[in-house]
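The next block holds one structure in the form of structure tokens; read it before the comments.
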Amino acid sequence: MILLKDLYQNSKDYSDKQIEVSGWIRNNRAQKEFGFIDMNDGSCFKTCQIVYEANNLDNFKDVQKFRNGASVNVKGKFVLTPDMPQPFEIKAEEIILLGDSQEDYPMQPKRHTREFLREKPHLRVRTNLFSAVFRLRSEVAYAIHSFFHERNFVYVNTPLITSNDGEGAGQLFGVVTNSENPETDFFGKKVFLTVTGQLHVEPYAMAFRNVYTFGPTFRAENSNTQKHASEFWMVEPEIAFADLDDEENLAEDMIKYVIKYVLDHCPSEMEFFDKFVEKGLIDRLKAVLNTEKFARITHHDAITILKNSKENFENEPEYGGDLATEHEKYLTRYFNGPVFVHDWPKDIKAFYMKLNDDNETVRGSDLLVPGSGEIIGGSQREERLDVLLKRMEELGMNEATLDWYVDTRRYGGCKHAGFGLGVERLLMFLTGVDNIRDVLSYPRTPNNCDF
RNA sequence: GCCUAAAUAGCUCAGUUGGUUAGAGCACCUGACUGUUAAUCAGGGGGUCGUAGGUUCGAGUCCUACUUUGGGCGCCA
């Protein structure tokens, strides 16, 4: 059995050879004495054309009626067709129906709306768009692991169930077994699905120096937007003996590495996105790749830019306030590409971010990109024990439950930094797909956990 | 959570100032066709017009509520 991927990569080697393939019918165009099947075997984005003729097949009449979605096994001759729209085709000598597809197969050889396809997440992966999205997702994951592995980072799996009630990182899902009373339930206390692996991975950075997590995370926020899901994936590197500059450099290198990787390794998929999802996508990504250095500005300067912009913002930019979506969009337009915004007012950022000497701002840094907004949030961590404890006290946090975390500052702490990358938001940025539900396999959002 | 728009065949849509039997393309079924590329051509089946009320002689069309979905905003990654 041969894979279509091999046939495309080594077409000449197979010229006029007998081959066998298996796959799923995307389209079947039957005529009186012959017909054409577009078949995809899952090994690559492209389909291959099977030519079948009445003279060559015992079951010609049956094959004519094979429907979209059916799985087939094909034996025949591989023929190069340089003068045709497709580079080669298979002249079938035997076609066996492996799995019939019923008359009501919903995937047609035409455009479907994303909304309809979301109702069929188990079938939409057989369409061009989702075939491209989810192969890219896989390649992006591999690229991210490669990036960190090449830099000697240690990959850490942090727990998904946690008793930390998520310091400032949003609403949590509770985890229960069968008891309404946490004290008599499985863990003997209230536990939750994690909203971040950061607190758990920081101690690993104090042992392995450079580490990262790559895993799912859960937020029970009632967010109804294109950019939010209740279950999504994050990559969270943490680097020791490093400051905010190092953290921003790492984030920028990683983004560029992944862009280069998908352009090099997923040309078919990227061409498809460029043609049918977002015109000019590839040029846009190449421009980011070729940017000498991403723009880096302070939150204060960002607000000044917004105030001077003469735009009619619905939300007034304020020096002490967060950036609204419209502000993020303006800033990425202003810099015509990704931009780091750092040194945020301490009141709107998490307790663990390093306090600046002004006592007003912290060394947090968000990376904003065109299309997806904030895809990375990071910071230099507060490594000074006394300052950290003071911050926790100011915020009324329960020091006892985080005592283990504070230990990292008691025993050989050092300056360190890290960030969290929203994997789906990166995918949206890379593909041009504008809804997070279309880059997650079975997306979970408020009031939606089917399948 | 707030604002807004939409819901008609399996899918994508049309349906006039309220008027008689609700249409088209694709999909499916039957047939035609000697190289198709979302093939084409002819015919056929398929609808309690999102749900529940209401106005009216008469509602797919107008009104109210609800449900679901899209978009915008907020919270965040």
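Residue numbering restarts at 1 in every chain; chains get A, B, ... in the order shown in the structure tokens, and ligands count up from 1 in that same order.
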Long-range neighbours of range 47-62 of chain B as a PyMOL selection string, 6 Å cut-off, only C-alpha atoms (C1' of nucleotides), 3 positions minimum in chain: chain B and resi 7-9
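Within range 1-109 of chain A, DSSP applied to the backbone places the following residues in helix (DSSP H, G or I): Leu4, Lys5, Asp6, Leu7, Tyr8, Gln9, Ser11, Lys12, Asp13, Tyr14, Phe60, Lys61, Asp62 and Val63 of chain A.
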Please produce a file of the residues just selected, as a JSON list (two decimals), in the first residue's frame, where the atoms kept are N, CA, C and O atoms.
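Written file, again35.json:
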```
[["chain", "number", "residue", "atom", "x", "y", "z"],
["A", 4, "LEU", "N", -0.50, 8.67, -0.62],
["A", 4, "LEU", "CA", -0.53, 9.75, -1.61],
["A", 4, "LEU", "C", 0.64, 10.71, -1.38],
["A", 4, "LEU", "O", 1.20, 11.25, -2.33],
["A", 5, "LYS", "N", 0.99, 10.89, -0.14],
["A", 5, "LYS", "CA", 2.12, 11.77, 0.18],
["A", 5, "LYS", "C", 3.38, 11.32, -0.57],
["A", 5, "LYS", "O", 4.10, 12.12, -1.14],
["A", 6, "ASP", "N", 3.61, 10.00, -0.56],
["A", 6, "ASP", "CA", 4.78, 9.47, -1.26],
["A", 6, "ASP", "C", 4.64, 9.66, -2.77],
["A", 6, "ASP", "O", 5.61, 9.97, -3.46],
["A", 7, "LEU", "N", 3.43, 9.46, -3.26],
["A", 7, "LEU", "CA", 3.22, 9.59, -4.70],
["A", 7, "LEU", "C", 3.51, 11.01, -5.16],
["A", 7, "LEU", "O", 4.06, 11.23, -6.24],
["A", 8, "TYR", "N", 3.13, 11.99, -4.32],
["A", 8, "TYR", "CA", 3.39, 13.38, -4.69],
["A", 8, "TYR", "C", 4.87, 13.71, -4.57],
["A", 8, "TYR", "O", 5.42, 14.47, -5.36],
["A", 9, "GLN", "N", 5.53, 13.13, -3.56],
["A", 9, "GLN", "CA", 6.94, 13.47, -3.33],
["A", 9, "GLN", "C", 7.88, 12.77, -4.31],
["A", 9, "GLN", "O", 8.92, 13.32, -4.67],
["A", 11, "SER", "N", 6.97, 11.18, -7.47],
["A", 11, "SER", "CA", 6.13, 10.77, -8.59],
["A", 11, "SER", "C", 6.90, 9.98, -9.63],
["A", 11, "SER", "O", 6.44, 8.95, -10.12],
["A", 12, "LYS", "N", 8.09, 10.45, -9.96],
["A", 12, "LYS", "CA", 8.83, 9.82, -11.07],
["A", 12, "LYS", "C", 9.16, 8.37, -10.78],
["A", 12, "LYS", "O", 9.16, 7.53, -11.68],
["A", 13, "ASP", "N", 9.44, 8.09, -9.49],
["A", 13, "ASP", "CA", 9.81, 6.71, -9.13],
["A", 13, "ASP", "C", 8.66, 5.73, -9.39],
["A", 13, "ASP", "O", 8.90, 4.54, -9.55],
["A", 14, "TYR", "N", 7.44, 6.26, -9.37],
["A", 14, "TYR", "CA", 6.30, 5.35, -9.49],
["A", 14, "TYR", "C", 5.73, 5.29, -10.91],
["A", 14, "TYR", "O", 4.75, 4.60, -11.16],
["A", 60, "PHE", "N", -17.83, -2.16, -12.64],
["A", 60, "PHE", "CA", -17.93, -0.78, -13.13],
["A", 60, "PHE", "C", -19.24, -0.11, -12.73],
["A", 60, "PHE", "O", -19.28, 1.02, -12.26],
["A", 61, "LYS", "N", -20.35, -0.86, -12.95],
["A", 61, "LYS", "CA", -21.68, -0.28, -12.65],
["A", 61, "LYS", "C", -21.79, 0.12, -11.18],
["A", 61, "LYS", "O", -22.41, 1.13, -10.83],
["A", 62, "ASP", "N", -21.19, -0.69, -10.32],
["A", 62, "ASP", "CA", -21.23, -0.38, -8.88],
["A", 62, "ASP", "C", -20.37, 0.84, -8.57],
["A", 62, "ASP", "O", -20.78, 1.73, -7.83],
["A", 63, "VAL", "N", -19.17, 0.86, -9.14],
["A", 63, "VAL", "CA", -18.23, 1.94, -8.85],
["A", 63, "VAL", "C", -18.83, 3.29, -9.24],
["A", 63, "VAL", "O", -18.65, 4.29, -8.55]]
```
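Interface residues on chain B toward chain A (cut-off 8 Å, only C-alpha atoms (C1' of nucleotides)): B:G1, B:G10, B:C11, B:U12, B:C26, B:A27, B:C28, B:C33, B:U34, B:U36, B:U37, B:A38, B:A39, B:U69, B:C75, B:C76, B:A77.
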Close residues, Asn157 in chain A itself excluded, 12 Å, only C-alpha atoms (C1' of nucleotides), min 3 positions apart in chain, as a PyMOL selection string: chain A and resi 154+160-161+196-198+200-201+204+211-216+234-237
Store the residues picked out above in a file with all heavy atoms, as a short mmCIF file (atom, residue, chain, number, x, y, z; two decimals), in the first residue's frame.
```
data_model
loop_
_atom_site.label_atom_id
_atom_site.label_comp_id
_atom_site.auth_asym_id
_atom_site.auth_seq_id
_atom_site.Cartn_x
_atom_site.Cartn_y
_atom_site.Cartn_z
N VAL A 154 13.46 21.70 28.91
CA VAL A 154 12.86 20.46 29.40
C VAL A 154 11.34 20.61 29.36
O VAL A 154 10.78 21.61 29.82
CB VAL A 154 13.33 20.16 30.83
CG1 VAL A 154 12.52 19.02 31.44
CG2 VAL A 154 14.82 19.81 30.81
N LEU A 160 -3.48 18.78 35.66
CA LEU A 160 -4.70 19.42 35.17
C LEU A 160 -5.69 19.64 36.31
O LEU A 160 -6.55 20.50 36.24
CB LEU A 160 -5.35 18.56 34.08
CG LEU A 160 -4.48 18.27 32.86
CD1 LEU A 160 -5.29 17.58 31.78
CD2 LEU A 160 -3.85 19.54 32.31
N ILE A 161 -5.56 18.81 37.35
CA ILE A 161 -6.39 19.00 38.53
C ILE A 161 -5.55 19.70 39.58
O ILE A 161 -4.41 19.31 39.83
CB ILE A 161 -6.89 17.64 39.07
CG1 ILE A 161 -7.75 16.95 38.02
CG2 ILE A 161 -7.69 17.85 40.36
CD1 ILE A 161 -8.19 15.55 38.44
N THR A 196 -3.85 27.48 34.37
CA THR A 196 -2.50 27.77 33.91
C THR A 196 -1.53 26.79 34.56
O THR A 196 -1.77 26.32 35.67
CB THR A 196 -2.07 29.21 34.28
OG1 THR A 196 -0.66 29.35 34.04
CG2 THR A 196 -2.32 29.51 35.75
N GLY A 197 -0.46 26.48 33.87
CA GLY A 197 0.54 25.60 34.45
C GLY A 197 1.70 26.37 35.04
O GLY A 197 2.64 25.78 35.57
N GLN A 198 1.60 27.68 34.97
CA GLN A 198 2.76 28.52 35.31
C GLN A 198 3.27 28.30 36.73
O GLN A 198 4.45 28.12 36.96
CB GLN A 198 2.43 29.98 35.11
CG GLN A 198 3.62 30.89 35.40
CD GLN A 198 3.21 32.30 35.67
OE1 GLN A 198 2.31 32.80 35.02
NE2 GLN A 198 3.84 32.94 36.64
N HIS A 200 2.99 25.90 38.67
CA HIS A 200 3.58 24.57 38.87
C HIS A 200 4.89 24.39 38.11
O HIS A 200 5.69 23.53 38.46
CB HIS A 200 2.59 23.49 38.44
CG HIS A 200 1.41 23.35 39.35
ND1 HIS A 200 0.18 23.87 39.06
CD2 HIS A 200 1.29 22.77 40.57
CE1 HIS A 200 -0.66 23.60 40.05
NE2 HIS A 200 -0.01 22.96 40.98
N VAL A 201 5.08 25.17 37.06
CA VAL A 201 6.29 24.96 36.26
C VAL A 201 7.44 25.84 36.73
O VAL A 201 8.60 25.53 36.47
CB VAL A 201 5.99 25.17 34.75
CG1 VAL A 201 6.16 26.62 34.33
CG2 VAL A 201 6.87 24.25 33.90
N TYR A 204 10.16 24.05 38.41
CA TYR A 204 10.97 23.25 37.49
C TYR A 204 12.05 24.11 36.83
O TYR A 204 13.14 23.62 36.53
CB TYR A 204 10.08 22.58 36.43
CG TYR A 204 9.46 21.32 36.95
CD1 TYR A 204 8.40 21.36 37.84
CD2 TYR A 204 9.95 20.07 36.56
CE1 TYR A 204 7.84 20.19 38.35
CE2 TYR A 204 9.40 18.90 37.05
CZ TYR A 204 8.35 18.97 37.94
OH TYR A 204 7.81 17.81 38.44
N VAL A 211 12.46 25.55 30.88
CA VAL A 211 11.42 24.52 30.80
C VAL A 211 10.20 25.07 30.06
O VAL A 211 10.09 26.27 29.83
CB VAL A 211 10.98 24.08 32.22
CG1 VAL A 211 12.14 23.46 32.98
CG2 VAL A 211 10.41 25.26 33.00
N TYR A 212 9.31 24.15 29.68
CA TYR A 212 8.04 24.62 29.11
C TYR A 212 6.96 23.58 29.33
O TYR A 212 7.26 22.39 29.50
CB TYR A 212 8.18 24.95 27.62
CG TYR A 212 8.33 23.75 26.71
CD1 TYR A 212 7.27 23.31 25.91
CD2 TYR A 212 9.54 23.05 26.64
CE1 TYR A 212 7.41 22.22 25.07
CE2 TYR A 212 9.68 21.96 25.81
CZ TYR A 212 8.61 21.54 25.03
OH TYR A 212 8.75 20.45 24.20
N THR A 213 5.73 24.03 29.32
CA THR A 213 4.58 23.13 29.35
C THR A 213 3.88 23.23 28.00
O THR A 213 4.04 24.21 27.27
CB THR A 213 3.56 23.53 30.43
OG1 THR A 213 2.93 24.76 30.02
CG2 THR A 213 4.23 23.74 31.77
N PHE A 214 3.12 22.22 27.69
CA PHE A 214 2.28 22.26 26.48
C PHE A 214 1.07 21.42 26.82
O PHE A 214 1.15 20.19 26.84
CB PHE A 214 3.05 21.68 25.29
CG PHE A 214 2.40 21.93 23.95
CD1 PHE A 214 3.18 22.26 22.85
CD2 PHE A 214 1.03 21.85 23.77
CE1 PHE A 214 2.60 22.49 21.60
CE2 PHE A 214 0.43 22.09 22.54
CZ PHE A 214 1.23 22.41 21.45
N GLY A 215 -0.03 22.06 27.13
CA GLY A 215 -1.17 21.26 27.54
C GLY A 215 -2.47 22.04 27.54
O GLY A 215 -2.50 23.24 27.27
N PRO A 216 -3.54 21.33 27.87
CA PRO A 216 -4.86 21.96 27.88
C PRO A 216 -5.07 22.80 29.13
O PRO A 216 -4.42 22.57 30.16
CB PRO A 216 -5.82 20.77 27.87
CG PRO A 216 -5.06 19.68 28.54
CD PRO A 216 -3.61 19.91 28.22
N MET A 234 -2.32 25.74 25.93
CA MET A 234 -1.33 26.78 26.16
C MET A 234 0.06 26.18 26.15
O MET A 234 0.27 25.02 26.55
CB MET A 234 -1.55 27.47 27.50
CG MET A 234 -2.58 28.59 27.43
SD MET A 234 -2.23 29.91 28.61
CE MET A 234 -2.42 29.05 30.16
N VAL A 235 1.00 26.98 25.72
CA VAL A 235 2.42 26.65 25.84
C VAL A 235 3.00 27.67 26.80
O VAL A 235 2.84 28.87 26.60
CB VAL A 235 3.13 26.75 24.48
CG1 VAL A 235 4.63 26.59 24.65
CG2 VAL A 235 2.59 25.71 23.51
N GLU A 236 3.66 27.19 27.87
CA GLU A 236 4.16 28.10 28.88
C GLU A 236 5.63 27.84 29.21
O GLU A 236 5.94 27.02 30.06
CB GLU A 236 3.30 27.99 30.14
CG GLU A 236 1.85 28.40 29.91
CD GLU A 236 1.00 28.30 31.15
OE1 GLU A 236 0.69 27.16 31.57
OE2 GLU A 236 0.66 29.35 31.71
N PRO A 237 6.52 28.52 28.51
CA PRO A 237 7.93 28.41 28.84
C PRO A 237 8.28 29.26 30.07
O PRO A 237 7.62 30.26 30.34
CB PRO A 237 8.65 28.96 27.60
CG PRO A 237 7.66 29.82 26.92
CD PRO A 237 6.29 29.38 27.33
#
```
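Taking CA of Arg391 in chain A and CA of Val195 in chain A as the two end points, the separation is 20.8 Å.
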Nearby residues (only C-alpha atoms (C1' of nucleotides)) at most 10 Å from Leu244 in chain A, same-chain spacing under 5 positions excluded, as a list in words: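 Selected residues are Asn249, Leu250, His342, Asp343, Lys354, Arg363, Gly364, Ser365, Gly378, Ser379, Gln380, Arg381, Lys415, His416, Ala417, Gly418 and Phe419 of chain A.
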Got a sec: who's within 12 Å of Tyr411 in chain A, counting only C-alpha atoms (C1' of nucleotides), leaving out chain neighbours fewer than 3 positions off, as an mmCIF file with N, CA, C and O atoms, in the first residue's frame?
```
data_model
loop_
_atom_site.group_PDB
_atom_site.id
_atom_site.type_symbol
_atom_site.label_atom_id
_atom_site.label_comp_id
_atom_site.auth_asym_id
_atom_site.auth_seq_id
_atom_site.Cartn_x
_atom_site.Cartn_y
_atom_site.Cartn_z
ATOM 1 N N PRO A 203 8.812 26.148 39.680
ATOM 2 C CA PRO A 203 9.804 25.370 40.439
ATOM 3 C C PRO A 203 10.691 24.510 39.548
ATOM 4 O O PRO A 203 11.855 24.264 39.873
ATOM 5 N N MET A 206 13.534 26.352 38.342
ATOM 6 C CA MET A 206 14.568 26.504 39.373
ATOM 7 C C MET A 206 15.383 25.223 39.524
ATOM 8 O O MET A 206 16.262 25.132 40.374
ATOM 9 N N ALA A 207 15.078 24.216 38.714
ATOM 10 C CA ALA A 207 15.837 22.964 38.737
ATOM 11 C C ALA A 207 16.452 22.665 37.381
ATOM 12 O O ALA A 207 17.594 22.238 37.281
ATOM 13 N N GLU A 383 11.032 37.922 41.966
ATOM 14 C CA GLU A 383 11.838 36.922 42.673
ATOM 15 C C GLU A 383 12.183 37.351 44.101
ATOM 16 O O GLU A 383 12.682 36.547 44.899
ATOM 17 N N ARG A 384 11.919 38.620 44.450
ATOM 18 C CA ARG A 384 12.247 39.110 45.802
ATOM 19 C C ARG A 384 11.165 38.643 46.770
ATOM 20 O O ARG A 384 9.989 39.006 46.635
ATOM 21 N N LEU A 385 11.596 37.842 47.732
ATOM 22 C CA LEU A 385 10.646 37.226 48.667
ATOM 23 C C LEU A 385 9.774 38.265 49.373
ATOM 24 O O LEU A 385 8.544 38.144 49.406
ATOM 25 N N TRP A 404 4.227 26.615 49.018
ATOM 26 C CA TRP A 404 5.150 25.820 48.199
ATOM 27 C C TRP A 404 5.717 26.641 47.036
ATOM 28 O O TRP A 404 6.882 26.522 46.684
ATOM 29 N N TYR A 405 4.867 27.480 46.465
ATOM 30 C CA TYR A 405 5.304 28.332 45.349
ATOM 31 C C TYR A 405 6.306 29.368 45.845
ATOM 32 O O TYR A 405 7.342 29.631 45.204
ATOM 33 N N VAL A 406 6.018 29.925 47.010
ATOM 34 C CA VAL A 406 6.894 30.955 47.570
ATOM 35 C C VAL A 406 8.262 30.369 47.929
ATOM 36 O O VAL A 406 9.266 31.083 47.939
ATOM 37 N N ASP A 407 8.287 29.062 48.177
ATOM 38 C CA ASP A 407 9.568 28.398 48.471
ATOM 39 C C ASP A 407 10.614 28.659 47.385
ATOM 40 O O ASP A 407 11.814 28.684 47.666
ATOM 41 N N THR A 408 10.165 28.800 46.148
ATOM 42 C CA THR A 408 11.125 29.037 45.062
ATOM 43 C C THR A 408 11.903 30.326 45.295
ATOM 44 O O THR A 408 12.995 30.501 44.779
ATOM 45 N N CYS A 414 16.061 33.120 41.728
ATOM 46 C CA CYS A 414 16.852 33.958 40.828
ATOM 47 C C CYS A 414 15.889 34.684 39.916
ATOM 48 O O CYS A 414 14.714 34.337 39.853
#
```
